[in-house]
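Okay, so here's the structure we're looking at.
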Amino acid sequence: MLIAPSILNADNLNLKSEITAAVAAGISRFHIDIMDGHFVPNLSFGPQLVSDFKREFPDITAEVHLMSDNPEVLVPAFVEAGADIVELHYEAMSEAELTKWLTYLNDHHVKAGLVLSPDTPAAVLSEFAPKLAQVLLMTVYPGFGGQKFIPEMTAKIKETNELLQGQLPIEVDGGINAETAKVAQAAGASVFVAGSYLFGKGQIAKQVAELTEALR
Ligand code: DX5
Ligand code: ZN
């Protein structure tokens, strides 16, 4: 079990102290949401945030959730910036492009993840599985923090777990709190992204402890 806080809803002007507090609470991976204003109707961070992050926190894993249909420009940029994991959306490019960029990540020794939006069937994962280190199932429609977990995604987590037969970790992202995390865990998820639940209350250590306890 791993908790990967999404810094999307952290205090942008105090990111370093927010990340430091989460690390002190035991966090070893951060989920960095990259939104391009085109694939999703919102804008967030760029590669410089990732390079600054790795300079300040070299031992902490930087997981990039790329919500963009411009892999040509952004995948090399985030690899160059030092991302440890890059997760690509199935819906953002053709299957040929997806194969190309997953291979690119494998060749650059950056862990590759494949992300499925809520309406994309789990079955598409099979052919890409050999190139993946992880699968990310969106439990909200991508674009914004603070949304509600979509209950129908529980069955999709189970289906994905059966399909992959435990070969790859299943991560969930969107609307994760102490209750929904338990439901997702029971269905087979082992990596939990949480944004507003962890950063929205100004008590990161307490929130990390509560989520950790819920998943014990
Ligand atoms: C949504 C993002 C999520 C989200 C998580 O597009 O990928 O990472 O910000 O935030 P919460 O936990 O608030 O749903
Ligand atoms: Zn995300």
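As shown in the structure tokens, the chain order sets the letters A, B, ...; within each chain, residues go from 1, and ligands are also counted from 1 in the order they appear.
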
Considering only C-alpha atoms and all ligand atoms, tabulate each residue of chain A that lies at most 7 Å from ligand 2 along with its nearest interatomic pair and the corresponding distance in Å to one decimal; arrange the rows by chain and ascending residue number and present them as JSON lines.
{"residue": "A:Ser6", "atom": "CA", "partner": "ligand 2", "partner_atom_place_in_ligand_line": "1 (Zn)", "distance": 6.5}
{"residue": "A:His31", "atom": "CA", "partner": "ligand 2", "partner_atom_place_in_ligand_line": "1 (Zn)", "distance": 6.4}
{"residue": "A:Ile32", "atom": "CA", "partner": "ligand 2", "partner_atom_place_in_ligand_line": "1 (Zn)", "distance": 6.8}
{"residue": "A:Asp33", "atom": "CA", "partner": "ligand 2", "partner_atom_place_in_ligand_line": "1 (Zn)", "distance": 4.9}
{"residue": "A:His65", "atom": "CA", "partner": "ligand 2", "partner_atom_place_in_ligand_line": "1 (Zn)", "distance": 5.3}
{"residue": "A:Asp173", "atom": "CA", "partner": "ligand 2", "partner_atom_place_in_ligand_line": "1 (Zn)", "distance": 5.7}

For ligand 1, collect every residue having any atom at a distance of at most 10 Å from a ligand atom (counting only C-alpha atoms and all ligand atoms); output as an mmCIF file with all heavy atoms, in the first residue's frame.
data_model
loop_
_atom_site.group_PDB
_atom_site.id
_atom_site.type_symbol
_atom_site.label_atom_id
_atom_site.label_comp_id
_atom_site.auth_asym_id
_atom_site.auth_seq_id
_atom_site.Cartn_x
_atom_site.Cartn_y
_atom_site.Cartn_z
ATOM 1 N N ALA A 4 0.101 8.393 -2.473
ATOM 2 C CA ALA A 4 0.813 9.377 -3.303
ATOM 3 C C ALA A 4 0.006 10.676 -3.323
ATOM 4 O O ALA A 4 -0.950 10.806 -4.085
ATOM 5 C CB ALA A 4 0.991 8.831 -4.720
ATOM 6 N N PRO A 5 0.372 11.636 -2.482
ATOM 7 C CA PRO A 5 -0.395 12.880 -2.453
ATOM 8 C C PRO A 5 -0.306 13.633 -3.776
ATOM 9 O O PRO A 5 0.767 13.736 -4.366
ATOM 10 C CB PRO A 5 0.267 13.696 -1.334
ATOM 11 C CG PRO A 5 0.984 12.692 -0.493
ATOM 12 C CD PRO A 5 1.419 11.618 -1.451
ATOM 13 N N SER A 6 -1.453 14.145 -4.236
ATOM 14 C CA SER A 6 -1.489 15.032 -5.400
ATOM 15 C C SER A 6 -1.317 16.453 -4.884
ATOM 16 O O SER A 6 -2.097 16.920 -4.041
ATOM 17 C CB SER A 6 -2.835 14.914 -6.112
ATOM 18 O OG SER A 6 -3.064 16.079 -6.883
ATOM 19 N N ILE A 7 -0.312 17.148 -5.427
ATOM 20 C CA ILE A 7 -0.047 18.507 -4.932
ATOM 21 C C ILE A 7 -0.925 19.559 -5.624
ATOM 22 O O ILE A 7 -0.780 20.745 -5.363
ATOM 23 C CB ILE A 7 1.445 18.888 -5.086
ATOM 24 C CG1 ILE A 7 1.879 18.777 -6.557
ATOM 25 C CG2 ILE A 7 2.311 18.016 -4.184
ATOM 26 C CD1 ILE A 7 3.276 19.352 -6.797
ATOM 27 N N LEU A 8 -1.850 19.091 -6.470
ATOM 28 C CA LEU A 8 -2.697 20.026 -7.220
ATOM 29 C C LEU A 8 -3.413 21.014 -6.303
ATOM 30 O O LEU A 8 -3.486 22.203 -6.608
ATOM 31 C CB LEU A 8 -3.724 19.223 -8.039
ATOM 32 C CG LEU A 8 -4.589 20.006 -9.010
ATOM 33 C CD1 LEU A 8 -3.743 20.620 -10.112
ATOM 34 C CD2 LEU A 8 -5.648 19.093 -9.630
ATOM 35 N N ASN A 9 -3.944 20.511 -5.207
ATOM 36 C CA ASN A 9 -4.691 21.390 -4.312
ATOM 37 C C ASN A 9 -3.910 21.819 -3.072
ATOM 38 O O ASN A 9 -4.470 22.327 -2.123
ATOM 39 C CB ASN A 9 -6.004 20.726 -3.890
ATOM 40 C CG ASN A 9 -7.067 20.848 -4.973
ATOM 41 O OD1 ASN A 9 -6.748 21.200 -6.118
ATOM 42 N ND2 ASN A 9 -8.314 20.572 -4.646
ATOM 43 N N ALA A 10 -2.572 21.623 -3.139
ATOM 44 C CA ALA A 10 -1.736 22.157 -2.059
ATOM 45 C C ALA A 10 -1.611 23.669 -2.267
ATOM 46 O O ALA A 10 -1.966 24.192 -3.323
ATOM 47 C CB ALA A 10 -0.364 21.494 -2.098
ATOM 48 N N HIS A 31 2.325 12.746 -6.446
ATOM 49 C CA HIS A 31 1.612 12.648 -7.720
ATOM 50 C C HIS A 31 1.477 14.079 -8.248
ATOM 51 O O HIS A 31 0.861 14.927 -7.609
ATOM 52 C CB HIS A 31 0.247 12.020 -7.432
ATOM 53 C CG HIS A 31 -0.652 11.858 -8.601
ATOM 54 N ND1 HIS A 31 -0.619 10.747 -9.405
ATOM 55 C CD2 HIS A 31 -1.634 12.656 -9.102
ATOM 56 C CE1 HIS A 31 -1.552 10.852 -10.347
ATOM 57 N NE2 HIS A 31 -2.167 12.013 -10.186
ATOM 58 N N ILE A 32 2.087 14.318 -9.403
ATOM 59 C CA ILE A 32 2.123 15.684 -9.943
ATOM 60 C C ILE A 32 1.221 15.737 -11.174
ATOM 61 O O ILE A 32 1.517 15.129 -12.208
ATOM 62 C CB ILE A 32 3.581 16.097 -10.258
ATOM 63 C CG1 ILE A 32 4.439 15.935 -8.991
ATOM 64 C CG2 ILE A 32 3.616 17.530 -10.788
ATOM 65 C CD1 ILE A 32 5.921 16.208 -9.171
ATOM 66 N N ASP A 33 0.099 16.429 -11.031
ATOM 67 C CA ASP A 33 -0.911 16.499 -12.092
ATOM 68 C C ASP A 33 -0.536 17.559 -13.111
ATOM 69 O O ASP A 33 -0.449 18.745 -12.779
ATOM 70 C CB ASP A 33 -2.278 16.845 -11.476
ATOM 71 C CG ASP A 33 -2.882 15.666 -10.747
ATOM 72 O OD1 ASP A 33 -3.035 14.605 -11.379
ATOM 73 O OD2 ASP A 33 -3.177 15.806 -9.545
ATOM 74 N N ILE A 34 -0.339 17.118 -14.352
ATOM 75 C CA ILE A 34 0.009 18.045 -15.423
ATOM 76 C C ILE A 34 -1.199 18.200 -16.339
ATOM 77 O O ILE A 34 -1.612 17.243 -17.007
ATOM 78 C CB ILE A 34 1.226 17.537 -16.239
ATOM 79 C CG1 ILE A 34 2.408 17.187 -15.316
ATOM 80 C CG2 ILE A 34 1.624 18.557 -17.306
ATOM 81 C CD1 ILE A 34 2.949 18.325 -14.467
ATOM 82 N N MET A 35 -1.770 19.392 -16.367
ATOM 83 C CA MET A 35 -2.969 19.665 -17.172
ATOM 84 C C MET A 35 -2.618 20.734 -18.198
ATOM 85 O O MET A 35 -2.031 21.758 -17.840
ATOM 86 C CB MET A 35 -4.079 20.163 -16.256
ATOM 87 C CG MET A 35 -4.405 19.184 -15.150
ATOM 88 S SD MET A 35 -5.684 19.831 -14.091
ATOM 89 C CE MET A 35 -6.028 18.378 -13.076
ATOM 90 N N VAL A 40 -7.570 18.498 -21.063
ATOM 91 C CA VAL A 40 -8.493 18.791 -19.956
ATOM 92 C C VAL A 40 -8.614 20.320 -19.838
ATOM 93 O O VAL A 40 -7.661 21.034 -20.148
ATOM 94 C CB VAL A 40 -8.002 18.202 -18.601
ATOM 95 C CG1 VAL A 40 -8.153 16.695 -18.574
ATOM 96 C CG2 VAL A 40 -6.565 18.608 -18.292
ATOM 97 N N PRO A 41 -9.772 20.793 -19.385
ATOM 98 C CA PRO A 41 -10.002 22.246 -19.365
ATOM 99 C C PRO A 41 -9.433 22.930 -18.122
ATOM 100 O O PRO A 41 -10.133 23.616 -17.398
ATOM 101 C CB PRO A 41 -11.533 22.343 -19.407
ATOM 102 C CG PRO A 41 -11.985 21.104 -18.714
ATOM 103 C CD PRO A 41 -10.975 20.026 -19.010
ATOM 104 N N ASN A 42 -8.156 22.709 -17.880
ATOM 105 C CA ASN A 42 -7.526 23.323 -16.703
ATOM 106 C C ASN A 42 -6.021 23.335 -16.963
ATOM 107 O O ASN A 42 -5.517 22.546 -17.777
ATOM 108 C CB ASN A 42 -7.849 22.473 -15.457
ATOM 109 C CG ASN A 42 -7.612 23.206 -14.147
ATOM 110 O OD1 ASN A 42 -7.234 24.381 -14.124
ATOM 111 N ND2 ASN A 42 -7.815 22.509 -13.047
ATOM 112 N N VAL A 64 4.503 11.695 -12.516
ATOM 113 C CA VAL A 64 3.857 12.698 -13.366
ATOM 114 C C VAL A 64 2.622 12.098 -14.038
ATOM 115 O O VAL A 64 2.728 11.133 -14.790
ATOM 116 C CB VAL A 64 4.862 13.221 -14.423
ATOM 117 C CG1 VAL A 64 4.150 14.022 -15.508
ATOM 118 C CG2 VAL A 64 5.934 14.075 -13.752
ATOM 119 N N HIS A 65 1.466 12.665 -13.747
ATOM 120 C CA HIS A 65 0.199 12.259 -14.391
ATOM 121 C C HIS A 65 -0.042 13.251 -15.522
ATOM 122 O O HIS A 65 -0.480 14.377 -15.290
ATOM 123 C CB HIS A 65 -0.920 12.287 -13.341
ATOM 124 C CG HIS A 65 -2.285 12.042 -13.896
ATOM 125 N ND1 HIS A 65 -3.435 12.265 -13.170
ATOM 126 C CD2 HIS A 65 -2.704 11.583 -15.113
ATOM 127 C CE1 HIS A 65 -4.495 11.958 -13.907
ATOM 128 N NE2 HIS A 65 -4.073 11.562 -15.095
ATOM 129 N N LEU A 66 0.270 12.808 -16.733
ATOM 130 C CA LEU A 66 0.254 13.710 -17.885
ATOM 131 C C LEU A 66 -1.130 13.752 -18.530
ATOM 132 O O LEU A 66 -1.508 12.833 -19.265
ATOM 133 C CB LEU A 66 1.313 13.261 -18.896
ATOM 134 C CG LEU A 66 1.614 14.243 -20.020
ATOM 135 C CD1 LEU A 66 2.221 15.532 -19.482
ATOM 136 C CD2 LEU A 66 2.552 13.613 -21.049
ATOM 137 N N MET A 67 -1.846 14.820 -18.268
ATOM 138 C CA MET A 67 -3.157 15.015 -18.892
ATOM 139 C C MET A 67 -2.954 15.964 -20.068
ATOM 140 O O MET A 67 -3.234 17.159 -19.994
ATOM 141 C CB MET A 67 -4.143 15.584 -17.866
ATOM 142 C CG MET A 67 -4.639 14.544 -16.883
ATOM 143 S SD MET A 67 -5.427 15.266 -15.422
ATOM 144 C CE MET A 67 -4.000 15.444 -14.353
ATOM 145 N N VAL A 115 -3.007 5.418 -18.000
ATOM 146 C CA VAL A 115 -4.159 5.953 -17.274
ATOM 147 C C VAL A 115 -5.426 5.747 -18.080
ATOM 148 O O VAL A 115 -5.445 6.037 -19.282
ATOM 149 C CB VAL A 115 -4.018 7.484 -17.045
ATOM 150 C CG1 VAL A 115 -5.048 7.963 -16.028
ATOM 151 C CG2 VAL A 115 -2.604 7.874 -16.639
ATOM 152 N N SER A 117 -9.387 6.937 -18.240
ATOM 153 C CA SER A 117 -10.480 7.777 -17.760
ATOM 154 C C SER A 117 -11.685 6.876 -17.465
ATOM 155 O O SER A 117 -11.728 5.725 -17.922
ATOM 156 C CB SER A 117 -10.817 8.827 -18.821
ATOM 157 O OG SER A 117 -9.821 9.824 -18.835
ATOM 158 N N LEU A 136 -3.139 3.262 -13.831
ATOM 159 C CA LEU A 136 -3.873 4.267 -13.051
ATOM 160 C C LEU A 136 -5.314 4.328 -13.529
ATOM 161 O O LEU A 136 -5.589 4.626 -14.693
ATOM 162 C CB LEU A 136 -3.203 5.649 -13.200
ATOM 163 C CG LEU A 136 -3.961 6.868 -12.652
ATOM 164 C CD1 LEU A 136 -4.348 6.684 -11.193
ATOM 165 C CD2 LEU A 136 -3.120 8.131 -12.806
ATOM 166 N N LEU A 137 -6.231 4.008 -12.633
ATOM 167 C CA LEU A 137 -7.655 4.111 -12.952
ATOM 168 C C LEU A 137 -8.194 5.410 -12.362
ATOM 169 O O LEU A 137 -8.134 5.624 -11.141
ATOM 170 C CB LEU A 137 -8.424 2.922 -12.359
ATOM 171 C CG LEU A 137 -8.025 1.534 -12.879
ATOM 172 C CD1 LEU A 137 -8.886 0.454 -12.208
ATOM 173 C CD2 LEU A 137 -8.144 1.436 -14.406
ATOM 174 N N MET A 138 -8.711 6.257 -13.252
ATOM 175 C CA MET A 138 -9.322 7.504 -12.770
ATOM 176 C C MET A 138 -10.662 7.162 -12.124
ATOM 177 O O MET A 138 -11.493 6.464 -12.716
ATOM 178 C CB MET A 138 -9.544 8.493 -13.926
ATOM 179 C CG MET A 138 -8.277 9.032 -14.553
ATOM 180 S SD MET A 138 -7.118 9.785 -13.375
ATOM 181 C CE MET A 138 -8.107 11.132 -12.708
ATOM 182 N N THR A 139 -10.864 7.691 -10.921
ATOM 183 C CA THR A 139 -12.128 7.454 -10.221
ATOM 184 C C THR A 139 -12.976 8.738 -10.220
ATOM 185 O O THR A 139 -13.987 8.817 -9.536
ATOM 186 C CB THR A 139 -11.854 6.915 -8.803
ATOM 187 O OG1 THR A 139 -10.780 7.654 -8.201
ATOM 188 C CG2 THR A 139 -11.420 5.456 -8.863
ATOM 189 N N VAL A 140 -12.528 9.734 -11.005
ATOM 190 C CA VAL A 140 -13.310 10.934 -11.361
ATOM 191 C C VAL A 140 -12.931 11.245 -12.809
ATOM 192 O O VAL A 140 -11.949 10.705 -13.326
ATOM 193 C CB VAL A 140 -12.976 12.168 -10.479
ATOM 194 C CG1 VAL A 140 -13.292 11.909 -9.011
ATOM 195 C CG2 VAL A 140 -11.510 12.616 -10.654
ATOM 196 N N TYR A 141 -13.680 12.151 -13.455
ATOM 197 C CA TYR A 141 -13.256 12.623 -14.777
ATOM 198 C C TYR A 141 -12.089 13.582 -14.574
ATOM 199 O O TYR A 141 -12.167 14.468 -13.703
ATOM 200 C CB TYR A 141 -14.431 13.285 -15.516
ATOM 201 C CG TYR A 141 -15.435 12.252 -15.975
ATOM 202 C CD1 TYR A 141 -16.526 11.919 -15.186
ATOM 203 C CD2 TYR A 141 -15.237 11.558 -17.163
ATOM 204 C CE1 TYR A 141 -17.414 10.918 -15.573
ATOM 205 C CE2 TYR A 141 -16.117 10.552 -17.560
ATOM 206 C CZ TYR A 141 -17.199 10.241 -16.767
ATOM 207 O OH TYR A 141 -18.057 9.242 -17.148
ATOM 208 N N PRO A 142 -10.989 13.382 -15.318
ATOM 209 C CA PRO A 142 -9.798 14.189 -15.070
ATOM 210 C C PRO A 142 -10.022 15.677 -15.354
ATOM 211 O O PRO A 142 -10.852 16.033 -16.175
ATOM 212 C CB PRO A 142 -8.768 13.604 -16.043
ATOM 213 C CG PRO A 142 -9.552 12.903 -17.095
ATOM 214 C CD PRO A 142 -10.804 12.427 -16.419
ATOM 215 N N GLY A 143 -9.289 16.510 -14.644
ATOM 216 C CA GLY A 143 -9.341 17.956 -14.892
ATOM 217 C C GLY A 143 -9.342 18.805 -13.630
ATOM 218 O O GLY A 143 -8.784 19.898 -13.636
ATOM 219 N N PHE A 144 -9.947 18.289 -12.568
ATOM 220 C CA PHE A 144 -10.057 19.114 -11.369
ATOM 221 C C PHE A 144 -9.933 18.276 -10.105
ATOM 222 O O PHE A 144 -10.366 17.115 -10.094
ATOM 223 C CB PHE A 144 -11.413 19.841 -11.341
ATOM 224 C CG PHE A 144 -11.584 20.778 -12.511
ATOM 225 C CD1 PHE A 144 -12.169 20.323 -13.692
ATOM 226 C CD2 PHE A 144 -11.115 22.084 -12.456
ATOM 227 C CE1 PHE A 144 -12.299 21.166 -14.792
ATOM 228 C CE2 PHE A 144 -11.236 22.934 -13.561
ATOM 229 C CZ PHE A 144 -11.826 22.469 -14.729
ATOM 230 N N GLY A 145 -9.375 18.882 -9.073
ATOM 231 C CA GLY A 145 -9.353 18.248 -7.763
ATOM 232 C C GLY A 145 -10.701 18.469 -7.086
ATOM 233 O O GLY A 145 -11.543 19.220 -7.579
ATOM 234 N N GLY A 146 -10.899 17.781 -5.975
ATOM 235 C CA GLY A 146 -12.081 18.025 -5.152
ATOM 236 C C GLY A 146 -13.384 17.425 -5.663
ATOM 237 O O GLY A 146 -14.455 17.791 -5.187
ATOM 238 N N GLN A 147 -13.328 16.501 -6.626
ATOM 239 C CA GLN A 147 -14.563 15.867 -7.115
ATOM 240 C C GLN A 147 -14.877 14.619 -6.289
ATOM 241 O O GLN A 147 -14.066 14.156 -5.506
ATOM 242 C CB GLN A 147 -14.394 15.458 -8.589
ATOM 243 C CG GLN A 147 -14.007 16.591 -9.522
ATOM 244 C CD GLN A 147 -13.910 16.081 -10.957
ATOM 245 O OE1 GLN A 147 -14.919 15.819 -11.609
ATOM 246 N NE2 GLN A 147 -12.680 15.925 -11.456
ATOM 247 N N LYS A 148 -16.072 14.062 -6.531
ATOM 248 C CA LYS A 148 -16.508 12.868 -5.788
ATOM 249 C C LYS A 148 -16.130 11.582 -6.522
ATOM 250 O O LYS A 148 -16.311 11.477 -7.724
ATOM 251 C CB LYS A 148 -18.038 12.894 -5.615
ATOM 252 C CG LYS A 148 -18.494 13.790 -4.496
ATOM 253 C CD LYS A 148 -19.849 13.278 -3.935
ATOM 254 C CE LYS A 148 -20.171 13.915 -2.598
ATOM 255 N NZ LYS A 148 -20.433 15.363 -2.731
ATOM 256 N N PHE A 149 -15.648 10.604 -5.788
ATOM 257 C CA PHE A 149 -15.363 9.245 -6.282
ATOM 258 C C PHE A 149 -16.600 8.702 -6.994
ATOM 259 O O PHE A 149 -17.713 8.752 -6.454
ATOM 260 C CB PHE A 149 -15.012 8.382 -5.060
ATOM 261 C CG PHE A 149 -14.664 6.954 -5.348
ATOM 262 C CD1 PHE A 149 -13.343 6.579 -5.565
ATOM 263 C CD2 PHE A 149 -15.648 5.960 -5.352
ATOM 264 C CE1 PHE A 149 -13.009 5.245 -5.797
ATOM 265 C CE2 PHE A 149 -15.323 4.630 -5.582
ATOM 266 C CZ PHE A 149 -13.995 4.276 -5.808
ATOM 267 N N VAL A 172 -5.386 4.390 -7.907
ATOM 268 C CA VAL A 172 -6.659 5.092 -8.092
ATOM 269 C C VAL A 172 -6.467 6.573 -7.803
ATOM 270 O O VAL A 172 -5.652 6.956 -6.953
ATOM 271 C CB VAL A 172 -7.778 4.504 -7.194
ATOM 272 C CG1 VAL A 172 -8.250 3.169 -7.748
ATOM 273 C CG2 VAL A 172 -7.318 4.357 -5.737
ATOM 274 N N ASP A 173 -7.219 7.406 -8.531
ATOM 275 C CA ASP A 173 -7.030 8.858 -8.460
ATOM 276 C C ASP A 173 -8.353 9.573 -8.646
ATOM 277 O O ASP A 173 -9.000 9.434 -9.685
ATOM 278 C CB ASP A 173 -6.034 9.255 -9.570
ATOM 279 C CG ASP A 173 -5.723 10.743 -9.594
ATOM 280 O OD1 ASP A 173 -6.084 11.451 -8.643
ATOM 281 O OD2 ASP A 173 -5.094 11.181 -10.583
ATOM 282 N N GLY A 174 -8.733 10.328 -7.625
ATOM 283 C CA GLY A 174 -9.931 11.144 -7.711
ATOM 284 C C GLY A 174 -10.931 10.816 -6.621
ATOM 285 O O GLY A 174 -11.425 9.696 -6.544
ATOM 286 N N GLY A 175 -11.173 11.786 -5.749
ATOM 287 C CA GLY A 175 -12.165 11.600 -4.698
ATOM 288 C C GLY A 175 -11.769 10.589 -3.641
ATOM 289 O O GLY A 175 -12.635 9.996 -2.985
ATOM 290 N N ILE A 176 -10.465 10.391 -3.471
ATOM 291 C CA ILE A 176 -10.009 9.401 -2.479
ATOM 292 C C ILE A 176 -9.950 10.045 -1.083
ATOM 293 O O ILE A 176 -9.327 11.085 -0.876
ATOM 294 C CB ILE A 176 -8.622 8.822 -2.872
ATOM 295 C CG1 ILE A 176 -8.704 8.047 -4.202
ATOM 296 C CG2 ILE A 176 -8.067 7.942 -1.744
ATOM 297 C CD1 ILE A 176 -9.626 6.825 -4.207
ATOM 298 N N ASN A 177 -10.645 9.390 -0.151
ATOM 299 C CA ASN A 177 -10.605 9.773 1.268
ATOM 300 C C ASN A 177 -10.573 8.470 2.070
ATOM 301 O O ASN A 177 -10.452 7.386 1.472
ATOM 302 C CB ASN A 177 -11.810 10.654 1.623
ATOM 303 C CG ASN A 177 -13.142 9.978 1.299
ATOM 304 O OD1 ASN A 177 -13.298 8.771 1.500
ATOM 305 N ND2 ASN A 177 -14.102 10.743 0.790
ATOM 306 N N PHE A 192 -2.721 4.891 -3.791
ATOM 307 C CA PHE A 192 -3.846 5.801 -3.577
ATOM 308 C C PHE A 192 -3.397 7.248 -3.721
ATOM 309 O O PHE A 192 -2.600 7.736 -2.929
ATOM 310 C CB PHE A 192 -4.444 5.554 -2.184
ATOM 311 C CG PHE A 192 -4.863 4.126 -1.996
ATOM 312 C CD1 PHE A 192 -3.932 3.159 -1.571
ATOM 313 C CD2 PHE A 192 -6.145 3.716 -2.323
ATOM 314 C CE1 PHE A 192 -4.297 1.826 -1.446
ATOM 315 C CE2 PHE A 192 -6.510 2.384 -2.202
ATOM 316 C CZ PHE A 192 -5.584 1.435 -1.768
ATOM 317 N N VAL A 193 -3.939 7.916 -4.728
ATOM 318 C CA VAL A 193 -3.674 9.344 -4.909
ATOM 319 C C VAL A 193 -4.737 10.106 -4.131
ATOM 320 O O VAL A 193 -5.918 9.764 -4.226
ATOM 321 C CB VAL A 193 -3.746 9.739 -6.407
ATOM 322 C CG1 VAL A 193 -3.564 11.245 -6.575
ATOM 323 C CG2 VAL A 193 -2.704 8.970 -7.212
ATOM 324 N N ALA A 194 -4.320 11.092 -3.377
ATOM 325 C CA ALA A 194 -5.312 11.929 -2.693
ATOM 326 C C ALA A 194 -4.805 13.357 -2.689
ATOM 327 O O ALA A 194 -3.637 13.612 -2.388
ATOM 328 C CB ALA A 194 -5.540 11.435 -1.266
ATOM 329 N N GLY A 195 -5.684 14.266 -3.053
ATOM 330 C CA GLY A 195 -5.310 15.678 -3.119
ATOM 331 C C GLY A 195 -5.993 16.483 -2.043
ATOM 332 O O GLY A 195 -5.428 16.767 -0.989
ATOM 333 N N SER A 196 -7.263 16.824 -2.285
ATOM 334 C CA SER A 196 -7.957 17.709 -1.340
ATOM 335 C C SER A 196 -8.098 17.082 0.049
ATOM 336 O O SER A 196 -8.048 17.787 1.055
ATOM 337 C CB SER A 196 -9.319 18.114 -1.900
ATOM 338 O OG SER A 196 -10.002 16.993 -2.384
ATOM 339 N N TYR A 197 -8.217 15.751 0.115
ATOM 340 C CA TYR A 197 -8.343 15.107 1.434
ATOM 341 C C TYR A 197 -7.087 15.355 2.285
ATOM 342 O O TYR A 197 -7.175 15.550 3.498
ATOM 343 C CB TYR A 197 -8.577 13.599 1.270
ATOM 344 C CG TYR A 197 -8.679 12.851 2.573
ATOM 345 C CD1 TYR A 197 -9.837 12.917 3.345
ATOM 346 C CD2 TYR A 197 -7.605 12.092 3.046
ATOM 347 C CE1 TYR A 197 -9.931 12.241 4.552
ATOM 348 C CE2 TYR A 197 -7.689 11.408 4.248
ATOM 349 C CZ TYR A 197 -8.857 11.489 5.006
ATOM 350 O OH TYR A 197 -8.934 10.832 6.200
ATOM 351 N N LEU A 198 -5.915 15.338 1.636
ATOM 352 C CA LEU A 198 -4.664 15.500 2.392
ATOM 353 C C LEU A 198 -4.283 16.963 2.586
ATOM 354 O O LEU A 198 -3.806 17.359 3.652
ATOM 355 C CB LEU A 198 -3.512 14.764 1.693
ATOM 356 C CG LEU A 198 -3.648 13.234 1.600
ATOM 357 C CD1 LEU A 198 -2.467 12.641 0.851
ATOM 358 C CD2 LEU A 198 -3.734 12.612 2.997
ATOM 359 N N PHE A 199 -4.474 17.774 1.535
ATOM 360 C CA PHE A 199 -3.964 19.150 1.591
ATOM 361 C C PHE A 199 -5.026 20.191 1.905
ATOM 362 O O PHE A 199 -4.704 21.344 2.146
ATOM 363 C CB PHE A 199 -3.284 19.506 0.261
ATOM 364 C CG PHE A 199 -1.954 18.835 0.068
ATOM 365 C CD1 PHE A 199 -1.789 17.864 -0.909
ATOM 366 C CD2 PHE A 199 -0.860 19.172 0.863
ATOM 367 C CE1 PHE A 199 -0.559 17.242 -1.100
ATOM 368 C CE2 PHE A 199 0.368 18.553 0.684
ATOM 369 C CZ PHE A 199 0.524 17.590 -0.297
ATOM 370 N N GLY A 200 -6.286 19.792 1.869
ATOM 371 C CA GLY A 200 -7.349 20.789 1.994
ATOM 372 C C GLY A 200 -7.626 21.277 3.404
ATOM 373 O O GLY A 200 -8.405 22.196 3.601
#

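Within 10 Å of A:Ile19, once only C-alpha atoms are used and residues closer than 3 positions along the same chain are dropped, the contacting residues are A:Pro5, A:Ile7, A:Ala10, A:Asp11, A:Asn14, A:Leu15, A:Lys16, A:Ala22, A:Val23, A:Ala24, A:Ala25, A:Ile27, A:Phe30, A:Phe53, A:Phe57, A:Phe199, A:Ile204.
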
Limited to C-alpha atoms, could you put the picked residues into a file as a CSV table (one decimal), in the first residue's frame?
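The result, written out as result-v7.csv:
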chain,number,residue,atom,x,y,z
A,5,PRO,CA,-0.4,12.9,-2.5
A,7,ILE,CA,0.0,18.5,-4.9
A,10,ALA,CA,-1.7,22.2,-2.1
A,11,ASP,CA,-0.9,25.8,-1.4
A,14,ASN,CA,4.0,27.3,0.0
A,15,LEU,CA,4.6,24.1,-1.9
A,16,LYS,CA,8.0,23.3,-0.4
A,22,ALA,CA,4.1,15.3,4.0
A,23,VAL,CA,7.5,13.7,3.8
A,24,ALA,CA,7.9,14.1,7.6
A,25,ALA,CA,4.6,12.3,7.9
A,27,ILE,CA,5.2,10.1,2.3
A,30,PHE,CA,4.1,12.6,-4.9
A,53,PHE,CA,11.1,19.0,-6.9
A,57,PHE,CA,13.8,16.1,-2.7
A,199,PHE,CA,-4.0,19.1,1.6
A,204,ILE,CA,-1.2,17.2,6.5

*Report the distance between atom CA of A:Val75 and atom CA of A:Ser28 in Å, rounded to one decimal place.*
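Straight-line distance from atom CA of A:Val75 to atom CA of A:Ser28 works out to 22.8 Å.
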
_Just checking: using only C-alpha atoms, which residue out of A:Leu116, A:Ala214, A:Ala81, A:Ala205 ends up closest to A:Glu171?_
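Ranking A:Leu116, A:Ala214, A:Ala81, A:Ala205 by distance to A:Glu171, first place goes to A:Leu116.
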
*Those of chain A in DSSP strand (DSSP E), formatted as number ranges by chain*: A: 2-5, 29-35, 61-67, 85-89, 111-116, 134-138, 170-173, 191-194

*asked:* Give me, as a ChimeraX atom specification, all polymer residues having an atom no more than 10 Å from A:Ala133, counting only C-alpha atoms and skipping those fewer than 6 positions away in the same chain.
replied: /A:85-87,106,110-114,167-170

*For A:Lys156, which of A:Val208, A:Ala187, A:Ala181, A:Ile3 is the closest residue, counting only C-alpha atoms?*
A:Ala187

_Every residue of stretch 74-132 of chain A that DSSP places in alpha helix (DSSP H), as a PyMOL selection string_ = chain A and resi 74-81+95-107

*Near stretch 91-95 of chain A, within 7 Å and counting only C-alpha atoms, which residues show up once chain neighbours fewer than 6 positions away are dropped, as a PyMOL selection string?*
chain A and resi 39+68-69

*Within 10 Å of A:Ser126 using only C-alpha atoms, minus same-chain residues under 5 positions, as a PyMOL selection string*: chain A and resi 160+163-164
